[in-house]
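**Student:** This one is model26.csv, CSV, C-alpha atoms (C1' of nucleotides) and all ligand atoms.
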chain,number,residue,atom,x,y,z
A,2,MET,CA,153.3,-149.5,45.6
A,3,LYS,CA,155.2,-152.7,46.2
A,4,LEU,CA,157.8,-154.1,43.9
A,5,ASP,CA,157.2,-157.4,42.2
A,6,ALA,CA,159.5,-160.4,42.4
A,7,ARG,CA,161.3,-159.5,39.2
A,8,GLN,CA,162.1,-156.0,40.3
A,9,ILE,CA,163.3,-157.2,43.7
A,10,GLU,CA,165.6,-159.7,41.9
A,11,THR,CA,167.1,-156.9,39.7
A,12,ARG,CA,167.6,-154.5,42.6
A,13,THR,CA,169.3,-157.2,44.6
A,14,GLN,CA,171.8,-157.8,41.8
A,15,GLU,CA,172.4,-154.0,41.8
A,16,LEU,CA,173.2,-154.2,45.5
A,17,TYR,CA,175.9,-156.8,44.8
A,18,GLU,CA,177.4,-154.5,42.1
A,19,LYS,CA,177.3,-151.4,44.2
A,20,LEU,CA,178.9,-153.1,47.2
A,21,ARG,CA,181.6,-154.6,45.0
A,22,ALA,CA,182.2,-151.2,43.2
A,23,ALA,CA,182.6,-149.6,46.6
A,24,GLY,CA,185.0,-152.4,47.9
A,25,LEU,CA,182.6,-153.4,50.6
A,26,LYS,CA,181.7,-156.9,51.7
A,27,VAL,CA,178.4,-158.6,50.9
A,28,THR,CA,177.1,-159.6,54.3
A,29,LEU,CA,174.0,-161.3,55.5
A,30,GLN,CA,173.0,-158.2,57.5
A,31,ARG,CA,173.3,-155.9,54.4
A,32,LEU,CA,171.2,-158.2,52.3
A,33,ALA,CA,168.6,-158.6,55.0
A,34,VAL,CA,168.2,-154.9,55.6
A,35,TYR,CA,168.1,-154.1,51.9
A,36,ARG,CA,165.4,-156.8,51.2
A,37,VAL,CA,163.2,-155.4,53.9
A,38,LEU,CA,163.2,-152.0,52.2
A,39,LEU,CA,162.6,-153.6,48.8
A,40,GLN,CA,159.7,-155.5,50.1
A,41,SER,CA,158.1,-152.6,51.9
A,42,HIS,CA,155.8,-149.9,50.6
A,43,GLY,CA,158.9,-147.8,50.2
A,44,HIS,CA,159.6,-145.6,53.2
A,45,LEU,CA,160.5,-147.0,56.7
A,46,THR,CA,162.1,-145.7,59.9
A,47,ALA,CA,165.2,-147.4,61.2
A,48,GLU,CA,163.1,-148.9,63.9
A,49,GLN,CA,160.6,-150.3,61.4
A,50,VAL,CA,163.4,-151.8,59.4
A,51,HIS,CA,164.8,-153.4,62.6
A,52,GLN,CA,161.4,-154.9,63.5
A,53,ALA,CA,160.8,-156.3,60.1
A,54,VAL,CA,164.3,-157.7,59.9
A,55,ALA,CA,164.0,-159.2,63.3
A,56,ARG,CA,161.3,-161.6,62.1
A,57,ASP,CA,163.7,-163.7,60.1
A,58,ASN,CA,166.9,-162.5,61.9
A,59,PRO,CA,166.3,-161.8,65.6
A,60,ALA,CA,170.1,-161.5,66.3
A,61,LEU,CA,170.5,-158.5,64.0
A,62,SER,CA,171.0,-155.5,66.2
A,63,LEU,CA,169.5,-152.1,66.0
A,64,SER,CA,172.9,-150.5,65.8
A,65,THR,CA,173.8,-152.7,62.9
A,66,VAL,CA,170.6,-151.6,61.2
A,67,TYR,CA,171.7,-148.0,61.6
A,68,ASN,CA,175.2,-148.9,60.3
A,69,VAL,CA,173.9,-150.8,57.3
A,70,LEU,CA,171.3,-148.1,56.4
A,71,GLU,CA,174.0,-145.5,56.5
A,72,THR,CA,176.3,-147.6,54.3
A,73,LEU,CA,173.5,-148.3,51.8
A,74,VAL,CA,172.7,-144.6,51.6
A,75,LYS,CA,176.4,-143.8,51.1
A,76,ILE,CA,176.8,-146.1,48.1
A,77,GLY,CA,173.5,-144.9,46.6
A,78,ALA,CA,171.6,-148.1,47.0
A,79,ILE,CA,168.8,-146.5,48.9
A,80,GLY,CA,167.7,-142.9,49.8
A,81,GLU,CA,166.9,-141.0,53.0
A,82,ILE,CA,164.3,-138.4,53.6
A,83,THR,CA,163.3,-136.3,56.6
A,84,THR,CA,159.6,-135.5,57.1
A,85,ASP,CA,158.3,-132.2,58.5
A,86,GLY,CA,157.9,-133.8,61.9
A,87,GLY,CA,161.6,-134.6,61.9
A,88,THR,CA,161.1,-138.3,61.3
A,89,LYS,CA,163.9,-139.8,59.3
A,90,LEU,CA,162.7,-142.3,56.7
A,91,PHE,CA,164.8,-144.7,54.6
A,92,ASP,CA,163.7,-144.8,51.0
A,93,ARG,CA,163.7,-147.9,48.8
A,94,THR,CA,164.3,-145.5,45.9
A,95,PRO,CA,167.6,-143.6,45.7
A,96,GLY,CA,168.1,-140.4,43.9
A,97,ASP,CA,166.1,-137.1,43.8
A,98,HIS,CA,162.4,-137.6,43.5
A,99,HIS,CA,159.3,-136.0,44.9
A,100,HIS,CA,156.8,-137.3,47.5
A,101,PHE,CA,153.2,-137.1,48.4
A,102,ILE,CA,152.3,-137.4,52.1
A,103,ASP,CA,148.7,-138.3,53.0
A,104,THR,CA,147.8,-136.0,55.8
A,105,GLU,CA,145.3,-138.5,57.2
A,106,THR,CA,147.3,-141.7,57.2
A,107,GLY,CA,150.8,-140.3,57.2
A,108,GLU,CA,151.5,-142.6,54.2
A,109,VAL,CA,154.4,-141.5,52.0
A,110,ILE,CA,154.0,-142.0,48.3
A,111,ASP,CA,156.6,-141.6,45.6
A,112,LEU,CA,155.7,-139.2,42.8
A,113,ASP,CA,157.6,-140.4,39.8
A,114,ASP,CA,157.7,-138.7,36.4
A,115,SER,CA,154.4,-140.2,35.3
A,116,ALA,CA,152.7,-138.5,38.2
A,117,GLY,CA,152.6,-135.3,36.3
A,118,VAL,CA,154.3,-132.8,38.5
A,119,LYS,CA,155.5,-129.8,36.5
A,120,LEU,CA,158.4,-127.9,38.0
A,121,ASP,CA,160.2,-125.1,36.2
A,122,LEU,CA,163.2,-123.6,37.9
A,123,ASN,CA,164.8,-121.8,35.0
A,124,ALA,CA,163.8,-118.4,36.3
A,125,LEU,CA,165.8,-119.2,39.4
A,126,ALA,CA,169.0,-119.8,37.4
A,127,ARG,CA,168.5,-116.4,35.8
A,128,ARG,CA,168.5,-114.8,39.2
A,129,GLY,CA,171.8,-116.2,40.3
A,130,PHE,CA,170.8,-119.5,41.8
A,131,ALA,CA,172.9,-122.4,40.5
A,132,VAL,CA,170.4,-125.2,41.0
A,133,GLU,CA,171.8,-128.7,41.9
A,134,GLY,CA,168.7,-130.4,42.9
A,135,ALA,CA,165.2,-130.0,44.2
A,136,LYS,CA,162.8,-131.9,46.5
A,137,LEU,CA,159.1,-131.4,46.5
A,138,THR,CA,156.7,-132.6,49.1
A,139,VAL,CA,153.0,-132.4,48.4
A,140,TYR,CA,150.5,-132.7,51.3
A,141,GLY,CA,146.9,-133.8,50.9
A,142,ARG,CA,144.7,-136.9,50.7
A,143,ARG,CA,144.7,-139.7,48.2
A,144,LYS,CA,141.2,-140.3,47.1
A,145,LYS,CA,139.6,-143.7,46.9
B,30,MET,CA,167.3,-110.8,53.5
B,31,LYS,CA,166.6,-108.8,56.7
B,32,LEU,CA,163.5,-106.9,57.5
B,33,ASP,CA,163.6,-103.1,57.8
B,34,ALA,CA,162.5,-101.2,60.9
B,35,ARG,CA,159.0,-100.5,59.4
B,36,GLN,CA,158.4,-104.2,58.6
B,37,ILE,CA,159.5,-105.2,62.1
B,38,GLU,CA,157.1,-102.7,63.6
B,39,THR,CA,154.2,-104.0,61.5
B,40,ARG,CA,154.9,-107.6,62.4
B,41,THR,CA,155.2,-106.8,66.1
B,42,GLN,CA,151.7,-105.3,65.9
B,43,GLU,CA,150.5,-108.5,64.3
B,44,LEU,CA,151.9,-110.5,67.2
B,45,TYR,CA,149.9,-108.5,69.7
B,46,GLU,CA,146.8,-109.2,67.6
B,47,LYS,CA,147.4,-112.8,67.2
B,48,LEU,CA,148.1,-113.4,70.9
B,49,ARG,CA,145.0,-111.5,71.8
B,50,ALA,CA,142.9,-113.4,69.3
B,51,ALA,CA,144.2,-116.6,70.8
B,52,GLY,CA,143.5,-115.4,74.3
B,53,LEU,CA,147.1,-115.6,75.3
B,54,LYS,CA,149.2,-113.2,77.4
B,55,VAL,CA,151.7,-110.8,76.0
B,56,THR,CA,154.8,-111.5,77.9
B,57,LEU,CA,158.3,-110.1,77.7
B,58,GLN,CA,159.6,-113.6,76.8
B,59,ARG,CA,157.2,-113.9,73.8
B,60,LEU,CA,158.2,-110.5,72.5
B,61,ALA,CA,161.9,-111.1,72.9
B,62,VAL,CA,161.8,-114.4,71.1
B,63,TYR,CA,159.7,-113.0,68.3
B,64,ARG,CA,161.9,-110.0,67.8
B,65,VAL,CA,165.0,-112.2,67.6
B,66,LEU,CA,163.5,-114.0,64.7
B,67,LEU,CA,162.3,-110.8,63.0
B,68,GLN,CA,165.7,-109.4,63.2
B,69,SER,CA,167.5,-112.5,61.9
B,70,HIS,CA,168.1,-113.6,58.3
B,71,GLY,CA,164.9,-115.7,58.7
B,72,HIS,CA,165.7,-119.2,59.9
B,73,LEU,CA,167.2,-120.1,63.2
B,74,THR,CA,167.4,-123.2,65.4
B,75,ALA,CA,166.0,-123.0,69.0
B,76,GLU,CA,169.5,-122.9,70.3
B,77,GLN,CA,170.4,-119.9,68.0
B,78,VAL,CA,167.3,-118.1,69.2
B,79,HIS,CA,168.2,-118.7,72.8
B,80,GLN,CA,171.7,-117.4,72.3
B,81,ALA,CA,170.5,-114.3,70.5
B,82,VAL,CA,167.8,-113.7,73.1
B,83,ALA,CA,170.3,-114.2,75.9
B,84,ARG,CA,172.3,-111.1,75.0
B,85,ASP,CA,169.6,-108.8,76.2
B,86,ASN,CA,167.8,-111.2,78.4
B,87,PRO,CA,170.2,-113.7,80.1
B,88,ALA,CA,167.6,-115.1,82.4
B,89,LEU,CA,165.3,-116.3,79.6
B,90,SER,CA,165.7,-120.1,79.7
B,91,LEU,CA,166.0,-122.5,76.9
B,92,SER,CA,162.9,-124.4,77.8
B,93,THR,CA,161.0,-121.1,77.7
B,94,VAL,CA,162.4,-120.5,74.2
B,95,TYR,CA,161.1,-123.9,73.1
B,96,ASN,CA,157.7,-123.1,74.8
B,97,VAL,CA,157.4,-119.7,73.2
B,98,LEU,CA,158.5,-120.9,69.7
B,99,GLU,CA,155.8,-123.7,69.9
B,100,THR,CA,153.2,-121.2,70.9
B,101,LEU,CA,154.2,-118.8,68.1
B,102,VAL,CA,154.0,-121.6,65.6
B,103,LYS,CA,150.6,-122.6,66.9
B,104,ILE,CA,149.1,-119.2,66.5
B,105,GLY,CA,150.6,-118.8,63.1
B,106,ALA,CA,153.0,-116.0,63.9
B,107,ILE,CA,156.1,-117.9,62.7
B,108,GLY,CA,156.8,-121.1,60.8
B,109,GLU,CA,158.8,-124.2,61.3
B,110,ILE,CA,160.8,-126.2,58.8
B,111,THR,CA,162.9,-129.3,59.0
B,112,THR,CA,166.0,-129.6,56.9
B,113,ASP,CA,167.2,-132.8,55.3
B,114,GLY,CA,169.7,-133.3,58.0
B,115,GLY,CA,166.9,-133.3,60.5
B,116,THR,CA,167.7,-129.8,61.9
B,117,LYS,CA,164.5,-128.0,63.0
B,118,LEU,CA,164.5,-124.3,62.0
B,119,PHE,CA,162.1,-121.7,63.1
B,120,ASP,CA,161.0,-119.4,60.3
B,121,ARG,CA,160.3,-115.7,60.5
B,122,THR,CA,157.8,-116.2,57.8
B,123,PRO,CA,154.7,-118.3,58.5
B,124,GLY,CA,152.6,-120.1,55.9
B,125,ASP,CA,153.6,-122.3,53.0
B,126,HIS,CA,156.5,-121.1,51.0
B,127,HIS,CA,159.5,-122.5,49.2
B,128,HIS,CA,163.2,-122.5,50.2
B,129,PHE,CA,166.6,-122.5,48.6
B,130,ILE,CA,169.5,-124.0,50.6
B,131,ASP,CA,173.0,-123.1,49.7
B,132,THR,CA,174.9,-126.4,49.7
B,133,GLU,CA,178.2,-124.6,50.5
B,134,THR,CA,177.2,-122.3,53.3
B,135,GLY,CA,174.0,-124.1,54.6
B,136,GLU,CA,172.2,-120.8,54.3
B,137,VAL,CA,168.4,-121.0,53.9
B,138,ILE,CA,166.8,-118.5,51.7
B,139,ASP,CA,163.1,-117.9,51.2
B,140,LEU,CA,161.8,-118.2,47.6
B,141,ASP,CA,158.8,-116.0,47.4
B,142,ASP,CA,156.5,-115.5,44.5
B,143,SER,CA,158.9,-113.1,42.8
B,144,ALA,CA,161.6,-115.8,42.7
B,145,GLY,CA,159.9,-117.3,39.7
B,146,VAL,CA,159.4,-120.9,40.7
B,147,LYS,CA,156.7,-122.4,38.5
B,148,LEU,CA,154.9,-125.4,40.0
B,149,ASP,CA,151.9,-127.1,38.4
B,150,LEU,CA,150.2,-129.8,40.4
B,151,ASN,CA,147.0,-129.9,38.4
B,152,ALA,CA,147.8,-133.3,36.9
B,153,LEU,CA,148.1,-134.7,40.4
B,154,ALA,CA,144.5,-133.7,41.2
B,155,ARG,CA,143.3,-135.6,38.1
B,156,ARG,CA,145.0,-138.7,39.4
B,157,GLY,CA,143.2,-138.8,42.6
B,158,PHE,CA,145.4,-136.7,44.8
B,159,ALA,CA,143.6,-133.9,46.7
B,160,VAL,CA,146.4,-131.4,47.2
B,161,GLU,CA,146.3,-129.3,50.4
B,162,GLY,CA,149.8,-127.8,50.2
B,163,ALA,CA,153.3,-128.3,48.9
B,164,LYS,CA,156.8,-127.4,50.0
B,165,LEU,CA,159.7,-127.2,47.6
B,166,THR,CA,163.3,-127.2,48.7
B,167,VAL,CA,165.9,-126.3,46.0
B,168,TYR,CA,169.6,-127.1,46.6
B,169,GLY,CA,172.5,-125.4,45.0
B,170,ARG,CA,174.7,-122.3,45.3
B,171,ARG,CA,173.9,-118.7,45.2
B,172,LYS,CA,176.3,-116.9,42.9
B,173,LYS,CA,178.1,-113.8,43.8
C,18,DG,C1',145.6,-103.6,94.9
C,19,DT,C1',143.9,-108.4,94.9
C,20,DC,C1',143.1,-112.7,92.7
C,21,DT,C1',143.9,-116.5,89.7
C,22,DA,C1',144.9,-119.0,85.8
C,23,DA,C1',148.6,-118.7,82.6
C,24,DT,C1',153.3,-118.7,82.1
C,25,DT,C1',158.1,-119.4,83.3
C,26,DA,C1',162.7,-121.4,85.1
C,27,DG,C1',165.2,-125.1,86.1
C,28,DG,C1',166.0,-129.5,86.0
C,29,DA,C1',164.7,-134.3,85.1
C,30,DA,C1',163.2,-137.5,81.6
C,31,DT,C1',162.9,-139.1,76.9
C,32,DA,C1',164.1,-140.9,72.5
C,33,DA,C1',166.6,-141.1,68.3
C,34,DT,C1',171.0,-141.4,66.7
C,35,DT,C1',176.0,-141.9,67.2
C,36,DC,C1',180.0,-143.7,69.3
C,37,DT,C1',183.1,-147.2,71.4
C,38,DT,C1',185.1,-151.6,71.8
C,39,DG,C1',186.0,-156.4,71.8
C,40,DA,C1',184.3,-160.4,69.2
C,41,DT,C1',183.2,-162.3,64.7
C,42,DT,C1',183.4,-163.1,59.8
C,43,DG,C1',183.7,-162.4,54.5
C,44,DA,C1',186.9,-162.7,51.0
C,45,DC,C1',191.4,-163.2,49.3
C,46,DT,C1',195.4,-166.2,49.2
C,47,DA,C1',198.2,-170.2,48.9
D,16,DT,C1',190.2,-176.1,52.0
D,17,DA,C1',192.4,-173.7,55.6
D,18,DG,C1',194.8,-169.5,57.2
D,19,DT,C1',194.9,-164.6,57.6
D,20,DC,C1',193.3,-160.1,58.6
D,21,DA,C1',190.8,-156.0,57.7
D,22,DA,C1',186.1,-155.2,57.6
D,23,DT,C1',182.0,-155.7,60.0
D,24,DC,C1',179.0,-156.6,63.8
D,25,DA,C1',176.7,-156.7,68.6
D,26,DA,C1',176.0,-154.6,72.8
D,27,DG,C1',175.7,-151.1,75.4
D,28,DA,C1',177.3,-146.4,76.7
D,29,DA,C1',177.2,-141.6,75.3
D,30,DT,C1',175.3,-137.8,73.1
D,31,DT,C1',172.0,-134.4,71.9
D,32,DA,C1',167.7,-132.2,70.7
D,33,DT,C1',163.4,-132.0,72.5
D,34,DT,C1',159.7,-132.7,75.8
D,35,DC,C1',158.0,-133.1,80.4
D,36,DC,C1',157.4,-131.9,85.2
D,37,DT,C1',156.7,-128.8,89.1
D,38,DA,C1',157.1,-125.0,92.1
D,39,DA,C1',157.5,-120.0,91.8
D,40,DT,C1',156.2,-115.9,89.3
D,41,DT,C1',153.3,-112.8,86.7
D,42,DA,C1',149.9,-110.7,83.2
D,43,DG,C1',145.6,-109.2,83.0
D,44,DA,C1',140.9,-109.1,84.8
D,45,DC,C1',138.1,-107.2,88.3
A,201,MN,MN,161.3,-143.1,47.1
A,202,MN,MN,160.3,-118.3,55.5
A,203,ZN,ZN,160.6,-141.8,48.1
A,204,ZN,ZN,161.4,-119.8,55.1
Represent the structure of the file as structure tokens.
Ligand SMILES: [Mn+2]
Ligand SMILES: [Mn+2]
Ligand SMILES: [Zn+2]
Ligand SMILES: [Zn+2]
**Tutor:**
Amino acid sequence: MKLDARQIETRTQELYEKLRAAGLKVTLQRLAVYRVLLQSHGHLTAEQVHQAVARDNPALSLSTVYNVLETLVKIGAIGEITTDGGTKLFDRTPGDHHHFIDTETGEVIDLDDSAGVKLDLNALARRGFAVEGAKLTVYGRRKK
Amino acid sequence: MKLDARQIETRTQELYEKLRAAGLKVTLQRLAVYRVLLQSHGHLTAEQVHQAVARDNPALSLSTVYNVLETLVKIGAIGEITTDGGTKLFDRTPGDHHHFIDTETGEVIDLDDSAGVKLDLNALARRGFAVEGAKLTVYGRRKK
DNA sequence: GTCTAATTAGGAATAATTCTTGATTGACTA
DNA sequence: TAGTCAATCAAGAATTATTCCTAATTAGAC
């Protein structure tokens, strides 16, 4: 699912705020990398980000992409997930949320609250596990 | 949680059967690597397996450890998980199951059925997702 | 015991990520 | 608006986990 123009605008404003709040500079490189993620389907490798960024901005180096992505993760502007194969993906959406991975296409889809995943970890707490967070990955095929 | 001697014996028999069923040879290296995992707390990196194996078997090379682990995964004798940091861990227990990761110690603990995790994915199916499997990772601290 | 395909040891190759360093620049100041 | 400087960036080297390659060894069939 792609974001519409309005959502991208809102998220871009948020980036300015988060950078300022962290005392970091607003640079062309940070904006470019962030926008690539916002405009994507949601989950990209560093290399994919670099390629997409390079279309408009061929001078932006891969190590800068890594640098910027790390910074954006640190200030909570984006997220980061690691798939079973070990591939690291940068995630348009920060914060804990669940994923569906299509076993045929490899596509990664966010499962937000409306997706209807019911997860109850209360019994864990009663057994001495202090739960701080949880990540679920569902595998299968998306029909139609 | 470590396995007791009886469980290790049973699992070792299973390895013989799985290797035979797959038409593969029973080698000293395969037995040694498998036993290290059975005797561990459950989840080890390839390097940790190599170090543990090297105590009794210093000639067993790291590339053989990788080879053997891959074979054991392929025949379903062990499992493989990738943590959020990207670390690949080989898992004494094959098949889909959930994990708890202690955010303080890094320890990985299996959550079997008795742990009381309740997961309901039926609503997903109604929304066009054909579920084949699911992996949950819970983060937090184990008390006491 | 012989034979042969499977397996192993050792090292080279690969690939993703991180590190290092000198050049560049965003943002504050006057 | 220009000066200043710490923050940031580009480029490439280094690192590290994993995979690949190949000649020597060996399990298991006969
Ligand atoms: Mn997401
Ligand atoms: Mn397990
Ligand atoms: Zn996501
Ligand atoms: Zn496990």
**Student:** I need the contact residues of chain D against chain A, so if you could list those with any atom within 8 Å, counting all atoms listed in the file, and return them as a VMD selection string, that would help.
**Tutor:** chain D and resid 22 24 to 25
**Student:** Please superimpose chain B upon chain A, fitting all C-alpha atoms matched one to one in order, and report the result as a compact mmCIF listing (two decimals) with C-alpha atoms, in the coordinates of the input.
**Tutor:**
# COMPACT_ATOMS: atom_id res chain seq x y z
CA MET B 30 153.23 -149.43 45.61
CA LYS B 31 155.22 -152.67 46.16
CA LEU B 32 157.82 -154.09 43.91
CA ASP B 33 157.21 -157.40 42.12
CA ALA B 34 159.49 -160.42 42.44
CA ARG B 35 161.35 -159.54 39.16
CA GLN B 36 162.06 -155.96 40.30
CA ILE B 37 163.32 -157.21 43.66
CA GLU B 38 165.64 -159.63 41.92
CA THR B 39 167.04 -156.90 39.67
CA ARG B 40 167.64 -154.55 42.56
CA THR B 41 169.33 -157.25 44.64
CA GLN B 42 171.77 -157.73 41.75
CA GLU B 43 172.43 -154.01 41.78
CA LEU B 44 173.29 -154.18 45.47
CA TYR B 45 175.94 -156.80 44.86
CA GLU B 46 177.39 -154.52 42.17
CA LYS B 47 177.34 -151.45 44.19
CA LEU B 48 178.96 -153.07 47.24
CA ARG B 49 181.62 -154.55 45.05
CA ALA B 50 182.27 -151.25 43.32
CA ALA B 51 182.64 -149.66 46.71
CA GLY B 52 184.95 -152.40 47.88
CA LEU B 53 182.64 -153.44 50.64
CA LYS B 54 181.68 -156.93 51.85
CA VAL B 55 178.43 -158.61 51.08
CA THR B 56 177.12 -159.63 54.39
CA LEU B 57 173.93 -161.32 55.47
CA GLN B 58 173.02 -158.20 57.51
CA ARG B 59 173.33 -155.90 54.43
CA LEU B 60 171.17 -158.19 52.34
CA ALA B 61 168.51 -158.59 54.99
CA VAL B 62 168.19 -154.89 55.57
CA TYR B 63 168.06 -154.15 51.88
CA ARG B 64 165.45 -156.76 51.18
CA VAL B 65 163.24 -155.42 53.97
CA LEU B 66 163.16 -152.10 52.27
CA LEU B 67 162.59 -153.60 48.80
CA GLN B 68 159.70 -155.49 50.08
CA SER B 69 158.08 -152.57 51.93
CA HIS B 70 155.79 -149.85 50.59
CA GLY B 71 158.98 -147.74 50.18
CA HIS B 72 159.65 -145.65 53.26
CA LEU B 73 160.45 -146.96 56.67
CA THR B 74 162.09 -145.62 59.83
CA ALA B 75 165.20 -147.46 61.21
CA GLU B 76 163.08 -148.88 63.94
CA GLN B 77 160.52 -150.29 61.38
CA VAL B 78 163.36 -151.84 59.44
CA HIS B 79 164.76 -153.44 62.53
CA GLN B 80 161.42 -154.89 63.48
CA ALA B 81 160.81 -156.26 60.01
CA VAL B 82 164.34 -157.65 59.82
CA ALA B 83 163.98 -159.20 63.25
CA ARG B 84 161.29 -161.64 62.14
CA ASP B 85 163.72 -163.68 60.15
CA ASN B 86 166.85 -162.55 61.82
CA PRO B 87 166.32 -161.85 65.58
CA ALA B 88 169.97 -161.45 66.33
CA LEU B 89 170.48 -158.53 63.91
CA SER B 90 170.91 -155.53 66.24
CA LEU B 91 169.54 -152.11 65.93
CA SER B 92 172.89 -150.45 65.78
CA THR B 93 173.77 -152.76 62.88
CA VAL B 94 170.56 -151.64 61.14
CA TYR B 95 171.62 -148.01 61.54
CA ASN B 96 175.17 -148.95 60.28
CA VAL B 97 173.90 -150.84 57.28
CA LEU B 98 171.27 -148.18 56.33
CA GLU B 99 174.07 -145.48 56.45
CA THR B 100 176.27 -147.59 54.28
CA LEU B 101 173.46 -148.25 51.78
CA VAL B 102 172.73 -144.57 51.60
CA LYS B 103 176.39 -143.81 51.05
CA ILE B 104 176.75 -146.12 48.13
CA GLY B 105 173.56 -144.90 46.61
CA ALA B 106 171.56 -148.08 46.96
CA ILE B 107 168.73 -146.45 48.96
CA GLY B 108 167.69 -142.92 49.87
CA GLU B 109 166.92 -141.01 52.96
CA ILE B 110 164.27 -138.39 53.58
CA THR B 111 163.26 -136.33 56.55
CA THR B 112 159.63 -135.53 57.12
CA ASP B 113 158.36 -132.26 58.50
CA GLY B 114 157.94 -133.76 61.87
CA GLY B 115 161.60 -134.58 61.88
CA THR B 116 161.10 -138.36 61.33
CA LYS B 117 163.97 -139.85 59.27
CA LEU B 118 162.73 -142.36 56.65
CA PHE B 119 164.81 -144.64 54.61
CA ASP B 120 163.71 -144.83 50.99
CA ARG B 121 163.70 -147.86 48.74
CA THR B 122 164.30 -145.53 45.90
CA PRO B 123 167.58 -143.61 45.73
CA GLY B 124 168.15 -140.34 43.88
CA ASP B 125 166.12 -137.16 43.79
CA HIS B 126 162.44 -137.61 43.51
CA HIS B 127 159.27 -136.05 44.81
CA HIS B 128 156.84 -137.27 47.51
CA PHE B 129 153.20 -137.04 48.40
CA ILE B 130 152.25 -137.41 52.09
CA ASP B 131 148.75 -138.32 53.00
CA THR B 132 147.82 -135.95 55.84
CA GLU B 133 145.28 -138.47 57.22
CA THR B 134 147.23 -141.69 57.20
CA GLY B 135 150.87 -140.31 57.19
CA GLU B 136 151.55 -142.53 54.22
CA VAL B 137 154.44 -141.45 51.95
CA ILE B 138 154.04 -142.03 48.32
CA ASP B 139 156.64 -141.58 45.61
CA LEU B 140 155.72 -139.16 42.78
CA ASP B 141 157.63 -140.31 39.79
CA ASP B 142 157.77 -138.74 36.40
CA SER B 143 154.44 -140.25 35.38
CA ALA B 144 152.70 -138.47 38.28
CA GLY B 145 152.67 -135.31 36.24
CA VAL B 146 154.29 -132.79 38.53
CA LYS B 147 155.52 -129.87 36.43
CA LEU B 148 158.36 -127.88 37.98
CA ASP B 149 160.20 -125.06 36.20
CA LEU B 150 163.19 -123.60 37.96
CA ASN B 151 164.67 -121.85 34.96
CA ALA B 152 163.81 -118.39 36.29
CA LEU B 153 165.78 -119.17 39.42
CA ALA B 154 168.96 -119.76 37.37
CA ARG B 155 168.54 -116.31 35.76
CA ARG B 156 168.46 -114.77 39.20
CA GLY B 157 171.73 -116.07 40.26
CA PHE B 158 170.80 -119.39 41.76
CA ALA B 159 172.80 -122.38 40.45
CA VAL B 160 170.36 -125.22 40.99
CA GLU B 161 171.85 -128.65 41.82
CA GLY B 162 168.63 -130.43 42.85
CA ALA B 163 165.17 -129.97 44.26
CA LYS B 164 162.79 -131.94 46.43
CA LEU B 165 159.07 -131.36 46.43
CA THR B 166 156.78 -132.61 49.14
CA VAL B 167 153.00 -132.39 48.41
CA TYR B 168 150.50 -132.73 51.29
CA GLY B 169 146.95 -133.81 50.99
CA ARG B 170 144.77 -136.93 50.75
CA ARG B 171 144.70 -139.70 48.30
CA LYS B 172 141.14 -140.39 47.23
CA LYS B 173 139.62 -143.76 47.14
**Student:** Near chain B, which residues of chain C fall within 10 Å when you count only C-alpha atoms (C1' of nucleotides), and what do they look like as a ChimeraX atom specification?
**Tutor:** /C:23-27
**Student:** Report as an mmCIF file with C-alpha atoms, keeping the file's coordinate frame which protein, DNA and RNA residues come within 6 Å of ligand MN 202 (chain A), using only C-alpha atoms (C1' of nucleotides) and all ligand atoms.
**Tutor:**
data_model
loop_
_atom_site.group_PDB
_atom_site.id
_atom_site.type_symbol
_atom_site.label_atom_id
_atom_site.label_comp_id
_atom_site.auth_asym_id
_atom_site.auth_seq_id
_atom_site.Cartn_x
_atom_site.Cartn_y
_atom_site.Cartn_z
ATOM 1 C CA ASP B 120 161.000 -119.400 60.300
ATOM 2 C CA ARG B 121 160.300 -115.700 60.500
ATOM 3 C CA THR B 122 157.800 -116.200 57.800
ATOM 4 C CA ASP B 139 163.100 -117.900 51.200
#
**Student:** Return as a ChimeraX atom specification the residues belonging to chain B that are within 8 Å of chain A, counting only C-alpha atoms.
**Tutor:** /B:110-117,144-153,156-173
**Student:** Set the distance at 8 Å and use all atoms listed in the file: which residues neighbour Val37 of chain A once local chain neighbours fewer than 5 positions away are removed? I'd like the list as a PyMOL selection string.
**Tutor:** chain A and resi 50+53-54
**Student:** For C-alpha atoms, I'd like the residues from the last selection saved as a PDB file, in the frame of the given file.
**Tutor:**
ATOM      1  CA  VAL A  50     163.400-151.800  59.400  1.00  0.00           C
ATOM      2  CA  ALA A  53     160.800-156.300  60.100  1.00  0.00           C
ATOM      3  CA  VAL A  54     164.300-157.700  59.900  1.00  0.00           C
TER       4      VAL A  54
END
**Student:** Rounded to one decimal, what separation in Å do you get between atom C1' of DT41 of chain C and atom CA of Ile79 of chain A?
**Tutor:** 26.6 Å
